[in-house]
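Coordinates from data21.cif are shown below (mmCIF, C-alpha atoms and all ligand atoms).
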```
data_my_file
loop_
_atom_site.group_PDB
_atom_site.id
_atom_site.type_symbol
_atom_site.label_atom_id
_atom_site.label_comp_id
_atom_site.auth_asym_id
_atom_site.auth_seq_id
_atom_site.Cartn_x
_atom_site.Cartn_y
_atom_site.Cartn_z
ATOM 1 C CA MET N 1 11.931 -5.090 -13.516
ATOM 2 C CA THR N 2 15.650 -5.031 -12.817
ATOM 3 C CA VAL N 3 17.409 -6.157 -9.712
ATOM 4 C CA ILE N 4 20.429 -3.934 -9.140
ATOM 5 C CA ALA N 5 23.557 -6.038 -9.514
ATOM 6 C CA LEU N 6 26.144 -5.974 -6.761
ATOM 7 C CA ASN N 7 28.871 -3.423 -7.399
ATOM 8 C CA PRO N 8 32.104 -4.359 -5.605
ATOM 9 C CA ASP N 9 33.245 -0.718 -5.788
ATOM 10 C CA SER N 10 30.263 0.503 -3.794
ATOM 11 C CA PRO N 11 30.360 0.428 0.001
ATOM 12 C CA ALA N 12 26.728 -0.653 -0.143
ATOM 13 C CA SER N 13 27.878 -3.916 -1.710
ATOM 14 C CA HIS N 14 30.719 -4.618 0.642
ATOM 15 C CA ALA N 15 29.466 -5.682 4.036
ATOM 16 C CA VAL N 16 27.473 -8.682 5.213
ATOM 17 C CA GLY N 17 24.656 -8.149 7.699
ATOM 18 C CA VAL N 18 23.670 -10.954 10.054
ATOM 19 C CA ASP N 19 20.508 -11.003 12.121
ATOM 20 C CA TYR N 20 20.857 -11.744 15.826
ATOM 21 C CA ASP N 21 17.790 -13.497 17.256
ATOM 22 C CA GLN N 22 17.241 -17.019 15.920
ATOM 23 C CA THR N 23 19.989 -16.545 13.342
ATOM 24 C CA LEU N 24 23.000 -16.299 15.664
ATOM 25 C CA ALA N 25 21.404 -16.696 19.069
ATOM 26 C CA ASP N 26 19.012 -19.494 19.905
ATOM 27 C CA HIS N 27 16.697 -18.962 22.822
ATOM 28 C CA PRO N 28 13.521 -20.910 23.409
ATOM 29 C CA GLU N 29 11.793 -18.075 25.227
ATOM 30 C CA TRP N 30 11.902 -14.325 24.987
ATOM 31 C CA ARG N 31 11.215 -13.100 28.565
ATOM 32 C CA GLY N 32 11.175 -9.429 27.629
ATOM 33 C CA GLY N 33 14.440 -9.623 25.721
ATOM 34 C CA GLN N 34 16.378 -10.745 28.785
ATOM 35 C CA VAL N 35 17.285 -14.097 27.277
ATOM 36 C CA TYR N 36 20.314 -14.337 25.032
ATOM 37 C CA GLY N 37 20.696 -18.092 24.878
ATOM 38 C CA GLN N 38 23.377 -20.056 23.112
ATOM 39 C CA PRO N 39 24.758 -19.699 19.600
ATOM 40 C CA LEU N 40 22.964 -21.749 16.978
ATOM 41 C CA PRO N 41 25.054 -24.695 15.764
ATOM 42 C CA GLY N 42 27.672 -23.454 13.324
ATOM 43 C CA ALA N 43 26.824 -19.789 13.868
ATOM 44 C CA ILE N 44 30.079 -18.723 15.456
ATOM 45 C CA ALA N 45 32.305 -20.556 12.965
ATOM 46 C CA ALA N 46 30.298 -19.048 10.086
ATOM 47 C CA LEU N 47 30.574 -15.568 11.565
ATOM 48 C CA ARG N 48 34.341 -15.947 11.915
ATOM 49 C CA THR N 49 34.627 -17.034 8.267
ATOM 50 C CA LEU N 50 32.579 -14.028 7.131
ATOM 51 C CA LEU N 51 34.687 -11.703 9.304
ATOM 52 C CA ASP N 52 37.769 -12.966 7.460
ATOM 53 C CA LYS N 53 36.197 -12.044 4.114
ATOM 54 C CA ARG N 54 34.130 -8.926 4.687
ATOM 55 C CA ALA N 55 33.060 -6.236 7.135
ATOM 56 C CA VAL N 56 30.240 -7.753 9.165
ATOM 57 C CA PHE N 57 27.501 -6.103 11.178
ATOM 58 C CA VAL N 58 24.910 -7.774 13.362
ATOM 59 C CA PHE N 59 21.468 -6.229 13.043
ATOM 60 C CA THR N 60 18.756 -6.600 15.615
ATOM 61 C CA ALA N 61 15.305 -5.212 16.286
ATOM 62 C CA ARG N 62 16.048 -5.377 20.006
ATOM 63 C CA HIS N 63 15.857 -2.128 21.931
ATOM 64 C CA PRO N 64 19.095 -0.092 21.726
ATOM 65 C CA ARG N 65 19.511 -0.351 25.503
ATOM 66 C CA THR N 66 20.173 -4.075 25.024
ATOM 67 C CA HIS N 67 22.764 -3.590 22.274
ATOM 68 C CA HIS N 68 25.660 -3.592 24.754
ATOM 69 C CA ASP N 69 24.491 -6.987 26.025
ATOM 70 C CA VAL N 70 24.317 -8.269 22.453
ATOM 71 C CA ALA N 71 27.827 -6.921 21.846
ATOM 72 C CA ARG N 72 29.120 -8.631 25.005
ATOM 73 C CA TRP N 73 27.493 -11.895 23.921
ATOM 74 C CA LEU N 74 29.207 -11.650 20.540
ATOM 75 C CA GLU N 75 32.544 -10.683 22.035
ATOM 76 C CA HIS N 76 32.322 -13.632 24.414
ATOM 77 C CA HIS N 77 31.419 -16.197 21.739
ATOM 78 C CA VAL N 78 33.242 -14.867 18.669
ATOM 79 C CA GLY N 79 36.203 -13.340 20.460
ATOM 80 C CA CYS N 80 36.589 -10.410 18.112
ATOM 81 C CA ARG N 81 36.348 -6.681 18.681
ATOM 82 C CA THR N 82 32.687 -5.625 18.894
ATOM 83 C CA SER N 83 31.065 -2.167 18.996
ATOM 84 C CA VAL N 84 27.589 -0.767 19.383
ATOM 85 C CA ASP N 85 26.396 1.581 16.650
ATOM 86 C CA THR N 86 25.923 5.051 18.135
ATOM 87 C CA ASP N 87 26.151 7.027 14.873
ATOM 88 C CA PRO N 88 22.630 8.043 13.735
ATOM 89 C CA ASP N 89 23.967 8.932 10.272
ATOM 90 C CA ARG N 90 25.765 5.680 9.615
ATOM 91 C CA ALA N 91 24.864 4.126 6.264
ATOM 92 C CA TYR N 92 27.697 1.581 5.854
ATOM 93 C CA TRP N 93 30.053 -0.535 7.890
ATOM 94 C CA LEU N 94 33.451 -1.158 6.374
ATOM 95 C CA GLU N 95 35.739 -2.172 9.248
ATOM 96 C CA ARG N 96 37.217 -5.611 8.967
ATOM 97 C CA HIS N 97 37.548 -8.019 11.914
ATOM 98 C CA HIS N 98 35.309 -5.762 13.937
ATOM 99 C CA LEU N 99 31.639 -6.576 14.562
ATOM 100 C CA LEU N 100 29.116 -3.760 14.726
ATOM 101 C CA VAL N 101 25.799 -4.187 16.538
ATOM 102 C CA THR N 102 23.145 -1.985 14.956
ATOM 103 C CA ASN N 103 19.396 -1.709 14.498
ATOM 104 C CA LYS N 104 19.799 0.022 11.132
ATOM 105 C CA LYS N 105 19.556 -1.668 7.780
ATOM 106 C CA LEU N 106 23.015 -0.709 6.602
ATOM 107 C CA GLY N 107 24.133 -1.141 3.016
ATOM 108 C CA ALA N 108 25.300 -4.689 2.424
ATOM 109 C CA ALA N 109 26.027 -7.339 -0.167
ATOM 110 C CA LEU N 110 23.543 -9.542 1.627
ATOM 111 C CA TYR N 111 21.649 -10.086 4.840
ATOM 112 C CA VAL N 112 21.413 -13.385 6.668
ATOM 113 C CA ASP N 113 18.093 -13.414 8.474
ATOM 114 C CA ASP N 114 15.658 -16.060 9.689
ATOM 115 C CA ARG N 115 12.675 -13.942 8.642
ATOM 116 C CA SER N 116 13.674 -12.692 5.219
ATOM 117 C CA LEU N 117 12.232 -13.361 1.794
ATOM 118 C CA THR N 118 14.627 -12.972 -1.108
ATOM 119 C CA PHE N 119 13.279 -10.570 -3.718
ATOM 120 C CA THR N 120 14.385 -11.533 -7.216
ATOM 121 C CA GLY N 121 12.697 -8.802 -9.250
ATOM 122 C CA ASP N 122 9.338 -10.531 -9.588
ATOM 123 C CA TRP N 123 6.666 -9.158 -7.274
ATOM 124 C CA ASP N 124 4.140 -11.813 -8.300
ATOM 125 C CA THR N 125 6.366 -14.511 -6.882
ATOM 126 C CA ALA N 126 7.396 -12.409 -3.881
ATOM 127 C CA LEU N 127 3.834 -11.501 -2.931
ATOM 128 C CA ALA N 128 2.612 -15.083 -3.294
ATOM 129 C CA GLU N 129 5.413 -16.313 -1.060
ATOM 130 C CA ALA N 130 4.919 -13.466 1.421
ATOM 131 C CA LEU N 131 1.201 -14.243 1.759
ATOM 132 C CA ARG N 132 1.941 -17.951 2.143
ATOM 133 C CA ARG N 133 4.479 -17.309 4.901
ATOM 134 C CA ILE N 134 2.234 -15.002 6.907
ATOM 135 C CA GLY N 135 -0.610 -17.482 6.617
ATOM 136 C CA GLU N 136 -2.835 -15.431 4.319
ATOM 137 C CA PRO N 137 -4.728 -16.778 1.291
ATOM 138 C CA PRO N 138 -3.264 -16.011 -2.155
ATOM 139 C CA ASP N 139 -4.110 -12.695 -3.798
ATOM 140 C CA PRO N 140 -6.606 -13.656 -6.537
ATOM 141 C CA SER N 141 -5.654 -10.608 -8.618
ATOM 142 C CA ALA N 142 -2.046 -11.815 -8.852
ATOM 143 C CA LEU N 143 -1.305 -13.955 -11.852
ATOM 144 C CA GLY N 144 0.665 -16.925 -10.677
ATOM 145 C CA THR N 145 2.126 -19.175 -13.350
ATOM 146 C CA ALA N 146 -0.017 -22.007 -12.068
ATOM 147 C CA ALA N 147 -3.393 -20.329 -12.676
ATOM 148 C CA PRO N 148 -5.554 -22.628 -14.780
ATOM 149 C CA ALA N 149 -7.935 -21.450 -17.486
ATOM 150 C CA LEU N 150 -11.591 -22.340 -17.896
ATOM 151 C CA THR N 151 -13.416 -22.110 -21.213
ATOM 152 C CA ILE N 152 -17.000 -20.858 -20.954
ATOM 153 C CA ARG N 153 -19.359 -20.278 -23.852
ATOM 154 C CA GLN N 154 -20.991 -16.963 -24.534
ATOM 155 C CA PRO N 155 -23.242 -15.380 -23.548
ATOM 156 C CA TRP N 156 -22.863 -17.149 -20.176
ATOM 157 C CA LEU N 157 -19.412 -15.645 -19.733
ATOM 158 C CA ALA N 158 -20.713 -12.158 -20.497
ATOM 159 C CA ALA N 159 -23.274 -12.637 -17.728
ATOM 160 C CA ILE N 160 -20.361 -13.406 -15.380
ATOM 161 C CA LEU N 161 -18.498 -10.291 -16.549
ATOM 162 C CA ALA N 162 -21.656 -8.226 -16.105
ATOM 163 C CA GLY N 163 -21.590 -9.185 -12.438
ATOM 164 C CA ASP N 164 -24.878 -11.093 -12.518
ATOM 165 C CA LYS N 165 -23.796 -14.698 -12.794
ATOM 166 C CA ARG N 166 -21.645 -15.905 -9.892
ATOM 167 C CA VAL N 167 -22.090 -19.634 -10.374
ATOM 168 C CA GLU N 168 -20.649 -21.695 -13.195
ATOM 169 C CA ASN N 169 -22.556 -24.956 -13.705
ATOM 170 C CA ARG N 170 -20.498 -28.018 -14.568
ATOM 171 C CA SER N 171 -21.127 -31.765 -14.630
ATOM 172 C CA TRP N 172 -17.806 -32.277 -12.807
ATOM 173 C CA PRO N 173 -16.385 -30.828 -9.584
ATOM 174 C CA THR N 174 -13.061 -29.023 -9.120
ATOM 175 C CA LYS N 175 -10.704 -28.934 -6.172
ATOM 176 C CA HIS N 176 -9.064 -25.783 -7.533
ATOM 177 C CA ARG N 177 -9.472 -22.645 -5.435
ATOM 178 C CA GLY N 178 -8.148 -19.205 -6.234
ATOM 179 C CA LEU N 179 -7.121 -17.586 -9.450
ATOM 180 C CA VAL N 180 -8.634 -18.813 -12.693
ATOM 181 C CA VAL N 181 -8.335 -17.376 -16.185
ATOM 182 C CA LEU N 182 -11.685 -17.079 -17.982
ATOM 183 C CA HIS N 183 -11.682 -17.921 -21.677
ATOM 184 C CA ALA N 184 -14.614 -17.345 -24.032
ATOM 185 C CA ALA N 185 -15.258 -20.304 -26.336
ATOM 186 C CA ARG N 186 -15.556 -19.716 -30.059
ATOM 187 C CA ALA N 187 -18.955 -21.418 -30.203
ATOM 188 C CA LEU N 188 -22.033 -19.769 -28.741
ATOM 189 C CA ALA N 189 -24.421 -21.466 -26.323
ATOM 190 C CA ARG N 190 -27.937 -21.479 -27.749
ATOM 191 C CA ASP N 191 -29.509 -22.061 -24.318
ATOM 192 C CA GLY N 192 -27.685 -18.991 -22.992
ATOM 193 C CA GLN N 193 -28.855 -16.802 -25.846
ATOM 194 C CA ALA N 194 -32.444 -17.680 -25.005
ATOM 195 C CA ASP N 195 -32.045 -17.315 -21.226
ATOM 196 C CA PRO N 196 -34.089 -14.410 -19.838
ATOM 197 C CA LEU N 197 -31.588 -13.737 -17.024
ATOM 198 C CA VAL N 198 -28.748 -13.423 -19.540
ATOM 199 C CA ARG N 199 -30.856 -11.250 -21.811
ATOM 200 C CA ALA N 200 -31.638 -8.927 -18.890
ATOM 201 C CA ALA N 201 -27.962 -8.732 -17.871
ATOM 202 C CA LEU N 202 -26.820 -7.931 -21.395
ATOM 203 C CA ALA N 203 -29.597 -5.442 -22.111
ATOM 204 C CA ARG N 204 -28.216 -2.993 -19.570
ATOM 205 C CA PRO N 205 -26.093 -0.046 -20.747
ATOM 206 C CA GLY N 206 -22.379 -0.882 -20.703
ATOM 207 C CA ALA N 207 -22.972 -4.634 -20.851
ATOM 208 C CA PRO N 208 -19.867 -6.654 -21.759
ATOM 209 C CA ALA N 209 -19.232 -7.487 -25.412
ATOM 210 C CA LEU N 210 -19.864 -11.047 -26.588
ATOM 211 C CA THR N 211 -16.199 -11.693 -27.304
ATOM 212 C CA THR N 212 -15.447 -15.234 -28.504
ATOM 213 C CA GLY N 213 -12.272 -17.268 -28.937
ATOM 214 C CA ALA N 214 -10.282 -15.236 -26.426
ATOM 215 C CA ILE N 215 -9.107 -14.921 -22.842
ATOM 216 C CA VAL N 216 -11.321 -12.174 -21.457
ATOM 217 C CA ALA N 217 -10.934 -12.063 -17.668
ATOM 218 C CA THR N 218 -9.365 -13.379 -14.519
ATOM 219 C CA ALA N 219 -11.421 -14.421 -11.528
ATOM 220 C CA SER N 220 -11.300 -16.496 -8.395
ATOM 221 C CA ILE N 221 -12.937 -19.857 -7.735
ATOM 222 C CA THR N 222 -13.970 -19.700 -4.110
ATOM 223 C CA ASP N 223 -16.144 -22.791 -3.781
ATOM 224 C CA CYS N 224 -17.478 -25.843 -5.573
ATOM 225 C CA HIS N 225 -20.442 -27.818 -4.333
ATOM 226 C CA ARG N 226 -23.088 -30.182 -5.635
ATOM 227 C CA ASP N 227 -26.468 -28.623 -6.304
ATOM 228 C CA THR N 228 -28.853 -28.877 -3.378
ATOM 229 C CA GLY N 229 -31.432 -26.545 -4.816
ATOM 230 C CA CYS N 230 -29.082 -23.693 -3.922
ATOM 231 C CA CYS N 231 -27.599 -20.768 -5.872
ATOM 232 C CA ARG N 232 -30.775 -19.980 -7.758
ATOM 233 C CA PRO N 233 -31.465 -18.477 -10.185
ATOM 234 C CA TRP N 234 -28.077 -19.093 -11.824
ATOM 235 C CA GLY N 235 -27.243 -22.430 -10.241
ATOM 236 C CA LEU N 236 -28.802 -25.313 -12.197
ATOM 237 C CA PRO N 237 -30.219 -28.546 -10.752
ATOM 238 C CA GLY N 238 -28.181 -31.752 -10.842
ATOM 239 C CA LEU N 239 -24.872 -30.024 -11.561
ATOM 240 C CA TRP N 240 -21.800 -28.859 -9.660
ATOM 241 C CA HIS N 241 -21.840 -25.169 -8.783
ATOM 242 C CA TRP N 242 -18.486 -23.403 -9.089
ATOM 243 C CA THR N 243 -18.575 -20.100 -7.228
ATOM 244 C CA ILE N 244 -16.842 -17.435 -9.312
ATOM 245 C CA GLU N 245 -15.842 -14.198 -7.609
ATOM 246 C CA GLU N 246 -13.500 -11.230 -8.008
ATOM 247 C CA VAL N 247 -13.878 -11.024 -11.766
ATOM 248 C CA HIS N 248 -11.304 -8.770 -13.460
ATOM 249 C CA ALA N 249 -12.119 -8.073 -17.109
ATOM 250 C CA LEU N 250 -9.240 -7.555 -19.533
ATOM 251 C CA ALA N 251 -9.505 -4.373 -21.556
ATOM 252 C CA ASP N 252 -8.004 -6.218 -24.536
ATOM 253 C CA PRO N 253 -8.973 -9.876 -24.892
ATOM 254 C CA ILE N 254 -6.163 -12.267 -25.824
ATOM 255 C CA PRO N 255 -7.106 -14.539 -28.758
ATOM 256 C CA ALA N 256 -6.819 -18.184 -27.760
ATOM 257 C CA ALA N 257 -8.349 -21.533 -28.621
ATOM 258 C CA GLY N 258 -10.391 -23.080 -25.841
ATOM 259 C CA ARG N 259 -10.082 -26.517 -24.344
ATOM 260 C CA LEU N 260 -12.095 -28.867 -22.198
ATOM 261 C CA GLY N 261 -11.571 -29.053 -18.459
ATOM 262 C CA LEU N 262 -9.194 -26.768 -16.617
ATOM 263 C CA TRP N 263 -6.264 -26.068 -18.919
ATOM 264 C CA ARG N 264 -2.904 -24.290 -18.734
ATOM 265 C CA LEU N 265 -1.960 -21.222 -20.698
ATOM 266 C CA ASP N 266 1.084 -21.568 -22.920
ATOM 267 C CA PRO N 267 4.053 -19.305 -22.052
ATOM 268 C CA GLY N 268 3.138 -16.764 -24.759
ATOM 269 C CA GLN N 269 -0.440 -16.416 -23.517
ATOM 270 C CA HIS N 270 0.794 -16.208 -19.962
ATOM 271 C CA ALA N 271 3.223 -13.388 -20.827
ATOM 272 C CA LEU N 272 0.468 -11.471 -22.618
ATOM 273 C CA LEU N 273 -1.830 -11.882 -19.648
ATOM 274 C CA HIS N 274 0.841 -10.475 -17.342
ATOM 275 C CA ARG N 275 1.163 -7.462 -19.591
ATOM 276 C CA HIS N 276 -2.611 -6.973 -19.429
ATOM 277 C CA ARG N 277 -2.746 -7.122 -15.672
ATOM 278 C CA ALA N 278 -2.530 -3.383 -15.076
ATOM 279 C CA THR N 279 -5.339 -2.884 -17.546
ATOM 280 C CA ALA N 280 -7.318 -5.650 -15.877
ATOM 281 C CA ARG N 281 -7.041 -3.875 -12.545
ATOM 282 C CA THR N 282 -8.223 -0.626 -14.057
ATOM 283 C CA ALA N 283 -11.147 -2.414 -15.657
ATOM 284 C CA LEU N 284 -12.174 -3.826 -12.302
ATOM 285 C CA ALA N 285 -12.938 -0.338 -11.088
ATOM 286 C CA ASP N 286 -15.293 0.065 -14.052
ATOM 287 C CA LEU N 287 -17.320 -3.049 -13.380
HETATM 288 MG MG MG R 301 15.698 -13.083 13.798
#
```
Could you write out this structure as structure tokens?
Amino acid sequence: MTVIALNPDSPASHAVGVDYDQTLADHPEWRGGQVYGQPLPGAIAALRTLLDKRAVFVFTARHPRTHHDVARWLEHHVGCRTSVDTDPDRAYWLERHHLLVTNKKLGAALYVDDRSLTFTGDWDTALAEALRRIGEPPDPSALGTAAPALTIRQPWLAAILAGDKRVENRSWPTKHRGLVVLHAARALARDGQADPLVRAALARPGAPALTTGAIVATASITDCHRDTGCCRPWGLPGLWHWTIEEVHALADPIPAAGRLGLWRLDPGQHALLHRHRATARTALADL
């Protein structure tokens, strides 16, 4: 993905937009938009500096009927000419030393805003940060760089991909929650090959292949608890149960050597996995 570079010849790259509430004006309470408060420390000096360099507009989500009050506030504190935007077709603001109050997102070199998230061309990073800021859990289908990998022997992993097995049994607990990359070990598990539940899962039409020595899926670890006789029939006694959900199979496994514990992909494997993500999402619909 490419982020369009600023072009100094374009009017869209000329101006600077500055948000009003909580960026210029500080007010501890809203009271139906009747409170304008005082300038935030440094706000007026910064605005004056920007006005010396570029055309500046102040954008606000406040109702247009309040824009004259915002303009008066600015005129009072900044002391420069200030207008309210009344042109429905306006796309740019190019006048120097003249503040415009608008509720449109006019073309600009940048926006100064207390609520913004800077997009840098990487939606994985942007989405993760957006979800964090709005207080939502991470999207388990997004491949963050921090996602650890877990090596599981076949055919246990195939039983997970088949949708039957939702508990991974381990002798050790994990604190990790969220995205995990599932890797199929090169060696097969004899106990799994003999397990009637696994046999039943893999006997169905369209059962997953017994791929080995490769990254085969992404999933989400949603819980980890000590066995209390729970999670039967897949959860085993005396072990830690890792709850595995939201399994996304890769259409094309990525060859990789497995490791013990939770391990990190190297940059090459990580890049390949990113490239496979679209395919992984398609495959999810087939599961
Ligand atoms: Mg604001």
Requested in this report: Compile the contact shell of Ala162 (chain N) as a VMD selection string: residues with an atom at most 8 Å away, counting all atoms listed in the file, same-chain residues fewer than 5 positions apart removed.
Outcome: chain N and resid 201 to 202 207 to 208 287
Query raised in the report: Hey, which of N:Arg232, N:Arg226, N:Arg186, N:Lys105 ends up closest to Asp164 (chain N)? Count all atoms listed in the file.
Result: N:Arg232
**Report entry** Close residues to ligand MG 301 (chain R) using only C-alpha atoms and all ligand atoms, limit 10 Å, as a ChimeraX atom specification
**Finding:** /N:18-26,59-62,112-116
Restricting it to C-alpha atoms, dump the selection as a tab-separated table (two decimals), in the frame of the given file.
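Output (part_17.tsv):
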```tsv
chain	number	residue	atom	x	y	z
N	18	VAL	CA	23.67	-10.95	10.05
N	19	ASP	CA	20.51	-11.00	12.12
N	20	TYR	CA	20.86	-11.74	15.83
N	21	ASP	CA	17.79	-13.50	17.26
N	22	GLN	CA	17.24	-17.02	15.92
N	23	THR	CA	19.99	-16.55	13.34
N	24	LEU	CA	23.00	-16.30	15.66
N	25	ALA	CA	21.40	-16.70	19.07
N	26	ASP	CA	19.01	-19.49	19.90
N	59	PHE	CA	21.47	-6.23	13.04
N	60	THR	CA	18.76	-6.60	15.62
N	61	ALA	CA	15.30	-5.21	16.29
N	62	ARG	CA	16.05	-5.38	20.01
N	112	VAL	CA	21.41	-13.38	6.67
N	113	ASP	CA	18.09	-13.41	8.47
N	114	ASP	CA	15.66	-16.06	9.69
N	115	ARG	CA	12.68	-13.94	8.64
N	116	SER	CA	13.67	-12.69	5.22
```
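Pairwise distance (CA of Ala200 (chain N), CA of Asn169 (chain N)) equals 19.1 Å.
Using all atoms listed in the file for every distance, the candidate list N:Glu95, N:Asp85, N:Glu245, N:Asp52 yields N:Asp85 as the residue closest to Thr66 (chain N).
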Because some atoms of region 192-214 of chain N are absent here, can you restore N, CA and C atoms and send them as a PDB file, in the frame of the given file?
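The result, stored in selection01.pdb:
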```
ATOM      1  N   GLY N 192     -28.012 -20.274 -23.621  1.00  0.00           N
ATOM      2  CA  GLY N 192     -27.685 -18.991 -22.992  1.00  0.00           C
ATOM      3  C   GLY N 192     -28.300 -17.817 -23.725  1.00  0.00           C
ATOM      4  N   GLN N 193     -28.297 -17.910 -25.049  1.00  0.00           N
ATOM      5  CA  GLN N 193     -28.855 -16.802 -25.846  1.00  0.00           C
ATOM      6  C   GLN N 193     -30.345 -16.625 -25.577  1.00  0.00           C
ATOM      7  N   ALA N 194     -31.001 -17.739 -25.236  1.00  0.00           N
ATOM      8  CA  ALA N 194     -32.444 -17.680 -25.005  1.00  0.00           C
ATOM      9  C   ALA N 194     -32.778 -17.406 -23.532  1.00  0.00           C
ATOM     10  N   ASP N 195     -31.783 -17.409 -22.672  1.00  0.00           N
ATOM     11  CA  ASP N 195     -32.045 -17.315 -21.226  1.00  0.00           C
ATOM     12  C   ASP N 195     -32.465 -15.890 -20.840  1.00  0.00           C
ATOM     13  N   PRO N 196     -33.614 -15.766 -20.192  1.00  0.00           N
ATOM     14  CA  PRO N 196     -34.089 -14.410 -19.838  1.00  0.00           C
ATOM     15  C   PRO N 196     -33.164 -13.665 -18.875  1.00  0.00           C
ATOM     16  N   LEU N 197     -32.512 -14.397 -17.964  1.00  0.00           N
ATOM     17  CA  LEU N 197     -31.588 -13.737 -17.024  1.00  0.00           C
ATOM     18  C   LEU N 197     -30.407 -13.134 -17.779  1.00  0.00           C
ATOM     19  N   VAL N 198     -29.877 -13.893 -18.743  1.00  0.00           N
ATOM     20  CA  VAL N 198     -28.748 -13.423 -19.540  1.00  0.00           C
ATOM     21  C   VAL N 198     -29.194 -12.215 -20.377  1.00  0.00           C
ATOM     22  N   ARG N 199     -30.342 -12.343 -20.977  1.00  0.00           N
ATOM     23  CA  ARG N 199     -30.856 -11.250 -21.811  1.00  0.00           C
ATOM     24  C   ARG N 199     -30.973  -9.961 -20.996  1.00  0.00           C
ATOM     25  N   ALA N 200     -31.476 -10.103 -19.757  1.00  0.00           N
ATOM     26  CA  ALA N 200     -31.638  -8.927 -18.890  1.00  0.00           C
ATOM     27  C   ALA N 200     -30.280  -8.325 -18.543  1.00  0.00           C
ATOM     28  N   ALA N 201     -29.307  -9.215 -18.248  1.00  0.00           N
ATOM     29  CA  ALA N 201     -27.962  -8.732 -17.871  1.00  0.00           C
ATOM     30  C   ALA N 201     -27.312  -7.987 -19.025  1.00  0.00           C
ATOM     31  N   LEU N 202     -27.512  -8.505 -20.242  1.00  0.00           N
ATOM     32  CA  LEU N 202     -26.820  -7.931 -21.395  1.00  0.00           C
ATOM     33  C   LEU N 202     -27.589  -6.775 -22.032  1.00  0.00           C
ATOM     34  N   ALA N 203     -28.816  -6.550 -21.563  1.00  0.00           N
ATOM     35  CA  ALA N 203     -29.597  -5.442 -22.111  1.00  0.00           C
ATOM     36  C   ALA N 203     -29.249  -4.123 -21.427  1.00  0.00           C
ATOM     37  N   ARG N 204     -28.549  -4.220 -20.311  1.00  0.00           N
ATOM     38  CA  ARG N 204     -28.216  -2.993 -19.570  1.00  0.00           C
ATOM     39  C   ARG N 204     -27.150  -2.189 -20.319  1.00  0.00           C
ATOM     40  N   PRO N 205     -27.145  -0.861 -20.125  1.00  0.00           N
ATOM     41  CA  PRO N 205     -26.093  -0.046 -20.747  1.00  0.00           C
ATOM     42  C   PRO N 205     -24.725  -0.480 -20.220  1.00  0.00           C
ATOM     43  N   GLY N 206     -23.736  -0.519 -21.103  1.00  0.00           N
ATOM     44  CA  GLY N 206     -22.379  -0.882 -20.703  1.00  0.00           C
ATOM     45  C   GLY N 206     -22.178  -2.370 -20.507  1.00  0.00           C
ATOM     46  N   ALA N 207     -23.105  -3.173 -20.990  1.00  0.00           N
ATOM     47  CA  ALA N 207     -22.972  -4.634 -20.851  1.00  0.00           C
ATOM     48  C   ALA N 207     -21.737  -5.112 -21.606  1.00  0.00           C
ATOM     49  N   PRO N 208     -21.088  -6.182 -21.104  1.00  0.00           N
ATOM     50  CA  PRO N 208     -19.867  -6.654 -21.759  1.00  0.00           C
ATOM     51  C   PRO N 208     -20.134  -7.151 -23.178  1.00  0.00           C
ATOM     52  N   ALA N 209     -19.117  -7.002 -24.033  1.00  0.00           N
ATOM     53  CA  ALA N 209     -19.232  -7.487 -25.412  1.00  0.00           C
ATOM     54  C   ALA N 209     -19.228  -9.010 -25.422  1.00  0.00           C
ATOM     55  N   LEU N 210     -19.829  -9.584 -26.450  1.00  0.00           N
ATOM     56  CA  LEU N 210     -19.864 -11.047 -26.588  1.00  0.00           C
ATOM     57  C   LEU N 210     -18.618 -11.526 -27.326  1.00  0.00           C
ATOM     58  N   THR N 211     -17.475 -11.271 -26.724  1.00  0.00           N
ATOM     59  CA  THR N 211     -16.199 -11.693 -27.304  1.00  0.00           C
ATOM     60  C   THR N 211     -16.144 -13.220 -27.343  1.00  0.00           C
ATOM     61  N   THR N 212     -15.608 -13.777 -28.422  1.00  0.00           N
ATOM     62  CA  THR N 212     -15.447 -15.234 -28.504  1.00  0.00           C
ATOM     63  C   THR N 212     -14.015 -15.579 -28.915  1.00  0.00           C
ATOM     64  N   GLY N 213     -13.607 -16.783 -28.561  1.00  0.00           N
ATOM     65  CA  GLY N 213     -12.272 -17.268 -28.937  1.00  0.00           C
ATOM     66  C   GLY N 213     -11.152 -16.463 -28.330  1.00  0.00           C
ATOM     67  N   ALA N 214     -11.307 -16.075 -27.056  1.00  0.00           N
ATOM     68  CA  ALA N 214     -10.282 -15.236 -26.426  1.00  0.00           C
ATOM     69  C   ALA N 214     -10.332 -15.353 -24.913  1.00  0.00           C
TER      70      ALA N 214
END
```
